[in-house]
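Notes to accompany the following structure.
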Amino acid sequence: GPSCAVIAYQCHDIKVTIVDLNQARIDAWNSSELPIYEPGLDEIVFARRGKNLFFTTEVDQAIIDADMIFVSVNTPTKKSGMGAGMAADLAYIEGATRRIAELATSSKIVIEKSTVPCRTAQSMRTILEANSGKGIRFDILSNPEFLAEGTAVNDLTKPDRVLIGCLQTPEGFAAQQKLVDVYTHWIPKEKVITMNLWSSELSKLAANALLAQRISSINALSAICEATGADVDEVAYACGTDSRIGPKFLKASVGFGGSCFQKDILNLVYLSEQLHLPEVAAYWKSVVTMNEYQKMRFTHRIVRTLFNTVTHKRIAMLGFAFKKDTGDTRESAAITLCSYLIQERAHVAIYDPKVGAKQIKMDLTEPGVGTNETEVEKHVQVCKSAYEACVDAAALVICTEWDEFKMNKLDYQKIFDSMQKPAFIFDGRLILDGAKLKEIGFHVESIGKSV
């Protein structure tokens, strides 16, 4: 959605049609309330919708009309069968590819936009070529997405780079150049990087794995900081000033979430195992292991600090999305924390500015989470404000780094006055001023900092 909306916004000479089988989702894209929250997206969609940007469920006609087709379908982790829990389920990719082959009446450039395992393009190419009619040619490109939720519009309008991979043939290079011409409407040519198909596919997984590795690295150090009296923010700052390391993704937290990091690392683990590289697989799997450890370490700290029991205690949880400026809850650390607290018989009062009660309850009753509908109804309250969540709470837990939870936005004196005493704060995102909170009267526990 955001990617093609920005193409339409930047390239008025190109007709962009976004298709989906879900009528409700398309209706939302055509309404005043878009189906996803992303700062700046509304303005872009509203500016071009109905001009050169269209949203429809007429998938077949869009395939027939298109010169270029971005395949942007889900690639979820398999839940059963070979590679369960790690391998990407490519059923949607294959289904989309077969539909293109079946319907095409003219040559197409088919572009992988979904995050896929290395060499997925080979199977797409095999399907397309086996089903291509006389005079119809299919060229495959890889153009992975490098968006961060919450900053997607800026990432699209001013990207660090755009990768376009192709088969190293004259036809492949020609198709690649056509996509280069689209992006250079607004992106400097030196930022549009061309490479071979397989490098492009692997680069997306590699980038996400390296970013997640940095988070797990600083989180591993946060445990040492808590045990020694070091301050993880100071350690991260010292390391980040080294030009070889840099400061980004060195913020300790309760753990990373989102739809990409864990899925892509496990995909890399599975790929390594399939290529008979067990040491490589074990290395990348340790990044996910550390992330799970960080979440459990934080939840154990909450219970331990609250006199080793949270039974019947009200815990205010601020934030449920996996990061600020998005309503996305996939793999959110808050789900793990909340499920654990429910199992400990706590009453959890949740407030998130962009995640509603329906989504929260659905996430907490998903298979594998560990809590059922009866438990959620009994132990979870979804609140309309941070202040409502904190009334009579024994503890307040910051799970998402929303700006509105910062010291200059919330009245923490008012929150302290409404809570049970002693009043505890657990800062899982390092966004609060612990010294000022202690002056108010809070007992403060922060990731990577000793009491």
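Every chain in the structure tokens has a letter given in the order shown (A, B, ...), and although residue numbers restart at 1 in each chain, ligands are simply numbered from 1 in the order shown.
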Could you give me, as a tab-separated table, every stretch 351-412 of chain A residue with an atom at most 12 Å from stretch 143-166 of chain A, plus its closest atom pair and distance in Å to one decimal, counting only C-alpha atoms, rows ordered by chain then number?
```
residue	atom	partner	partner_atom	distance
A:Lys354	CA	A:Gly150	CA	11.7
A:Glu401	CA	A:Gly150	CA	11.9
A:Trp402	CA	A:Gly150	CA	10.9
```
Run DSSP on the backbone and tell me which residues of stretch 204-248 of chain A come out as helix (DSSP H, G or I); list them as a PyMOL selection string. chain A and resi 204-228+232-240
What lies within 7 Å of A:Thr311 using only C-alpha atoms, ignoring chain neighbours under 5 positions off, as a ChimeraX atom specification? /A:344-346
Could you save those same residues with N, CA and C atoms as a PDB file, in the first residue's frame?
```
ATOM      1  N   GLU A 344       0.201 -15.616  35.852  1.00  0.00           N
ATOM      2  CA  GLU A 344       0.548 -15.374  37.259  1.00  0.00           C
ATOM      3  C   GLU A 344      -0.644 -14.804  38.029  1.00  0.00           C
ATOM      4  N   ARG A 345      -1.808 -14.764  37.372  1.00  0.00           N
ATOM      5  CA  ARG A 345      -3.086 -14.335  37.965  1.00  0.00           C
ATOM      6  C   ARG A 345      -3.155 -12.835  38.239  1.00  0.00           C
ATOM      7  N   ALA A 346      -2.382 -12.038  37.518  1.00  0.00           N
ATOM      8  CA  ALA A 346      -2.466 -10.580  37.650  1.00  0.00           C
ATOM      9  C   ALA A 346      -3.656 -10.057  36.846  1.00  0.00           C
TER      10      ALA A 346
END
```
Using only C-alpha atoms, the best pick from A:Lys263, A:Lys251, A:Cys239, A:Lys15 as closest to A:Lys78 would be A:Lys263
For stretch 96-99 of chain A, list every protein, DNA or RNA residue within 12 Å, evaluated using only C-alpha atoms, and leave out those in the same chain fewer than 3 positions away; present the list as a PyMOL selection string. chain A and resi 19-21+59-64+69-75+90-93+102-105+108-112+114+120-132+138+140
Just N, CA and C atoms for this one: save the residues we selected as a compact mmCIF listing (two decimals), in the first residue's frame.
```
# COMPACT_ATOMS: atom_id res chain seq x y z
N VAL A 19 -4.29 -4.12 -5.71
CA VAL A 19 -5.37 -5.09 -5.65
C VAL A 19 -5.23 -6.00 -4.43
N ASP A 20 -6.37 -6.42 -3.91
CA ASP A 20 -6.41 -7.34 -2.79
C ASP A 20 -7.71 -8.12 -2.88
N LEU A 21 -7.69 -9.36 -2.40
CA LEU A 21 -8.91 -10.18 -2.41
C LEU A 21 -9.87 -9.78 -1.30
N VAL A 59 -8.73 -8.28 -9.33
CA VAL A 59 -7.35 -8.75 -9.49
C VAL A 59 -7.06 -9.16 -10.92
N ASP A 60 -7.95 -9.92 -11.50
CA ASP A 60 -7.70 -10.47 -12.84
C ASP A 60 -7.52 -9.37 -13.88
N GLN A 61 -8.38 -8.38 -13.86
CA GLN A 61 -8.28 -7.30 -14.84
C GLN A 61 -6.99 -6.50 -14.64
N ALA A 62 -6.62 -6.30 -13.39
CA ALA A 62 -5.39 -5.56 -13.10
C ALA A 62 -4.17 -6.30 -13.64
N ILE A 63 -4.17 -7.62 -13.52
CA ILE A 63 -3.06 -8.43 -14.06
C ILE A 63 -3.00 -8.28 -15.58
N ILE A 64 -4.14 -8.38 -16.21
CA ILE A 64 -4.19 -8.27 -17.67
C ILE A 64 -3.68 -6.91 -18.14
N ILE A 69 4.20 -5.95 -12.48
CA ILE A 69 3.38 -6.46 -11.38
C ILE A 69 4.27 -6.68 -10.15
N PHE A 70 3.98 -5.95 -9.09
CA PHE A 70 4.64 -6.19 -7.81
C PHE A 70 3.90 -7.30 -7.09
N VAL A 71 4.60 -8.38 -6.74
CA VAL A 71 4.00 -9.45 -5.95
C VAL A 71 4.34 -9.15 -4.49
N SER A 72 3.30 -8.72 -3.75
CA SER A 72 3.50 -8.21 -2.38
C SER A 72 2.67 -9.00 -1.37
N VAL A 73 2.55 -10.29 -1.59
CA VAL A 73 1.68 -11.11 -0.73
C VAL A 73 2.42 -11.53 0.53
N ASN A 74 1.66 -12.06 1.50
CA ASN A 74 2.25 -12.52 2.76
C ASN A 74 3.18 -13.71 2.55
N THR A 75 4.25 -13.75 3.35
CA THR A 75 5.11 -14.94 3.39
C THR A 75 5.27 -15.34 4.86
N LEU A 90 5.42 -20.32 1.27
CA LEU A 90 5.42 -19.63 -0.03
C LEU A 90 4.16 -19.92 -0.85
N ALA A 91 3.12 -20.44 -0.19
CA ALA A 91 1.89 -20.78 -0.91
C ALA A 91 1.27 -19.56 -1.59
N TYR A 92 1.29 -18.40 -0.90
CA TYR A 92 0.69 -17.20 -1.48
C TYR A 92 1.49 -16.69 -2.67
N ILE A 93 2.82 -16.80 -2.56
CA ILE A 93 3.70 -16.40 -3.68
C ILE A 93 3.41 -17.27 -4.89
N GLU A 102 -1.52 -17.57 -15.72
CA GLU A 102 -2.80 -18.02 -16.28
C GLU A 102 -3.52 -16.91 -17.05
N LEU A 103 -3.43 -15.69 -16.53
CA LEU A 103 -4.24 -14.59 -17.07
C LEU A 103 -3.53 -13.70 -18.07
N ALA A 104 -2.20 -13.69 -18.04
CA ALA A 104 -1.46 -12.73 -18.86
C ALA A 104 -1.72 -12.94 -20.35
N THR A 105 -2.01 -11.84 -21.02
CA THR A 105 -2.19 -11.87 -22.48
C THR A 105 -1.09 -11.09 -23.18
N LYS A 108 5.06 -9.45 -19.30
CA LYS A 108 5.03 -8.77 -18.00
C LYS A 108 6.42 -8.79 -17.35
N ILE A 109 6.68 -7.75 -16.59
CA ILE A 109 7.81 -7.76 -15.66
C ILE A 109 7.22 -8.05 -14.28
N VAL A 110 7.61 -9.18 -13.70
CA VAL A 110 7.07 -9.60 -12.41
C VAL A 110 8.14 -9.33 -11.35
N ILE A 111 7.75 -8.59 -10.31
CA ILE A 111 8.72 -8.10 -9.33
C ILE A 111 8.41 -8.66 -7.95
N GLU A 112 9.37 -9.36 -7.36
CA GLU A 112 9.24 -9.83 -5.97
C GLU A 112 9.34 -8.62 -5.06
N SER A 114 7.65 -9.08 -1.80
CA SER A 114 7.59 -9.78 -0.52
C SER A 114 9.00 -10.19 -0.09
N THR A 120 13.90 -17.90 -4.35
CA THR A 120 12.45 -18.03 -4.62
C THR A 120 12.13 -17.64 -6.05
N ALA A 121 12.85 -16.66 -6.57
CA ALA A 121 12.60 -16.21 -7.94
C ALA A 121 12.76 -17.34 -8.95
N GLN A 122 13.61 -18.32 -8.62
CA GLN A 122 13.81 -19.44 -9.54
C GLN A 122 12.52 -20.23 -9.70
N SER A 123 11.81 -20.50 -8.58
CA SER A 123 10.56 -21.25 -8.68
C SER A 123 9.49 -20.42 -9.37
N MET A 124 9.48 -19.10 -9.12
CA MET A 124 8.52 -18.23 -9.81
C MET A 124 8.78 -18.26 -11.32
N ARG A 125 10.04 -18.19 -11.68
CA ARG A 125 10.41 -18.20 -13.10
C ARG A 125 10.00 -19.50 -13.77
N THR A 126 10.21 -20.63 -13.06
CA THR A 126 9.86 -21.94 -13.60
C THR A 126 8.36 -22.03 -13.87
N ILE A 127 7.55 -21.54 -12.91
CA ILE A 127 6.08 -21.57 -13.07
C ILE A 127 5.65 -20.69 -14.23
N LEU A 128 6.20 -19.49 -14.30
CA LEU A 128 5.81 -18.54 -15.36
C LEU A 128 6.18 -19.07 -16.74
N GLU A 129 7.40 -19.60 -16.85
CA GLU A 129 7.85 -20.08 -18.17
C GLU A 129 7.08 -21.32 -18.60
N ALA A 130 6.72 -22.17 -17.63
CA ALA A 130 5.97 -23.39 -17.96
C ALA A 130 4.56 -23.08 -18.43
N ASN A 131 4.05 -21.90 -18.04
CA ASN A 131 2.67 -21.55 -18.38
C ASN A 131 2.56 -20.40 -19.39
N SER A 132 3.70 -19.92 -19.87
CA SER A 132 3.64 -18.77 -20.78
C SER A 132 3.16 -19.20 -22.16
N PHE A 138 7.98 -13.38 -19.66
CA PHE A 138 7.98 -12.95 -18.26
C PHE A 138 9.42 -12.70 -17.81
N ILE A 140 11.68 -11.67 -14.39
CA ILE A 140 11.59 -11.62 -12.93
C ILE A 140 12.63 -10.66 -12.37
```
Counting only C-alpha atoms, which residues of stretch 261-359 of chain A fall within 9 Å of stretch 422-437 of chain A, and what is the closest atom pair for each with its distance in Å at one decimal, ordered by chain and rising number, as a tab-separated table?
```
residue	atom	partner	partner_atom	distance
A:Phe298	CA	A:Gly428	CA	7.7
A:Arg301	CA	A:Phe426	CA	8.9
A:Ile302	CA	A:Phe426	CA	7.3
A:Thr305	CA	A:Phe424	CA	8.6
A:Leu306	CA	A:Phe424	CA	8.2
```
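Proximity to A:Asn267 was assessed for A:Ser418, A:Thr77, A:Asn408, A:Asn30 counting only C-alpha atoms; the smallest distance is recorded for A:Thr77.
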Point out the residue among A:Ala220, A:Ile36, A:Leu250, A:Ile44 with the least atom-to-atom distance to A:Val355, counting only C-alpha atoms.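 Closest candidate: A:Ile36.
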Env of A:Asp363: 8 Å cut, atoms = only C-alpha atoms, seq-sep filter 4 positions within chain, self excluded. Answer as a list in words. Thr329, Ile335, Gln359 and Val369 of chain A
Could you dump the residues just selected with N, CA and C atoms as an mmCIF file, in the first residue's frame?
```
data_model
loop_
_atom_site.group_PDB
_atom_site.id
_atom_site.type_symbol
_atom_site.label_atom_id
_atom_site.label_comp_id
_atom_site.auth_asym_id
_atom_site.auth_seq_id
_atom_site.Cartn_x
_atom_site.Cartn_y
_atom_site.Cartn_z
ATOM 1 N N THR A 329 0.862 -5.147 15.933
ATOM 2 C CA THR A 329 1.193 -5.860 17.177
ATOM 3 C C THR A 329 1.928 -7.175 16.930
ATOM 4 N N ILE A 335 2.763 -8.838 24.117
ATOM 5 C CA ILE A 335 1.954 -10.062 24.106
ATOM 6 C C ILE A 335 2.549 -11.084 25.072
ATOM 7 N N GLN A 359 -8.189 -6.168 18.728
ATOM 8 C CA GLN A 359 -6.873 -6.661 18.317
ATOM 9 C C GLN A 359 -6.113 -7.242 19.504
ATOM 10 N N VAL A 369 0.124 -18.718 22.341
ATOM 11 C CA VAL A 369 0.425 -17.593 23.230
ATOM 12 C C VAL A 369 0.384 -18.039 24.687
#
```
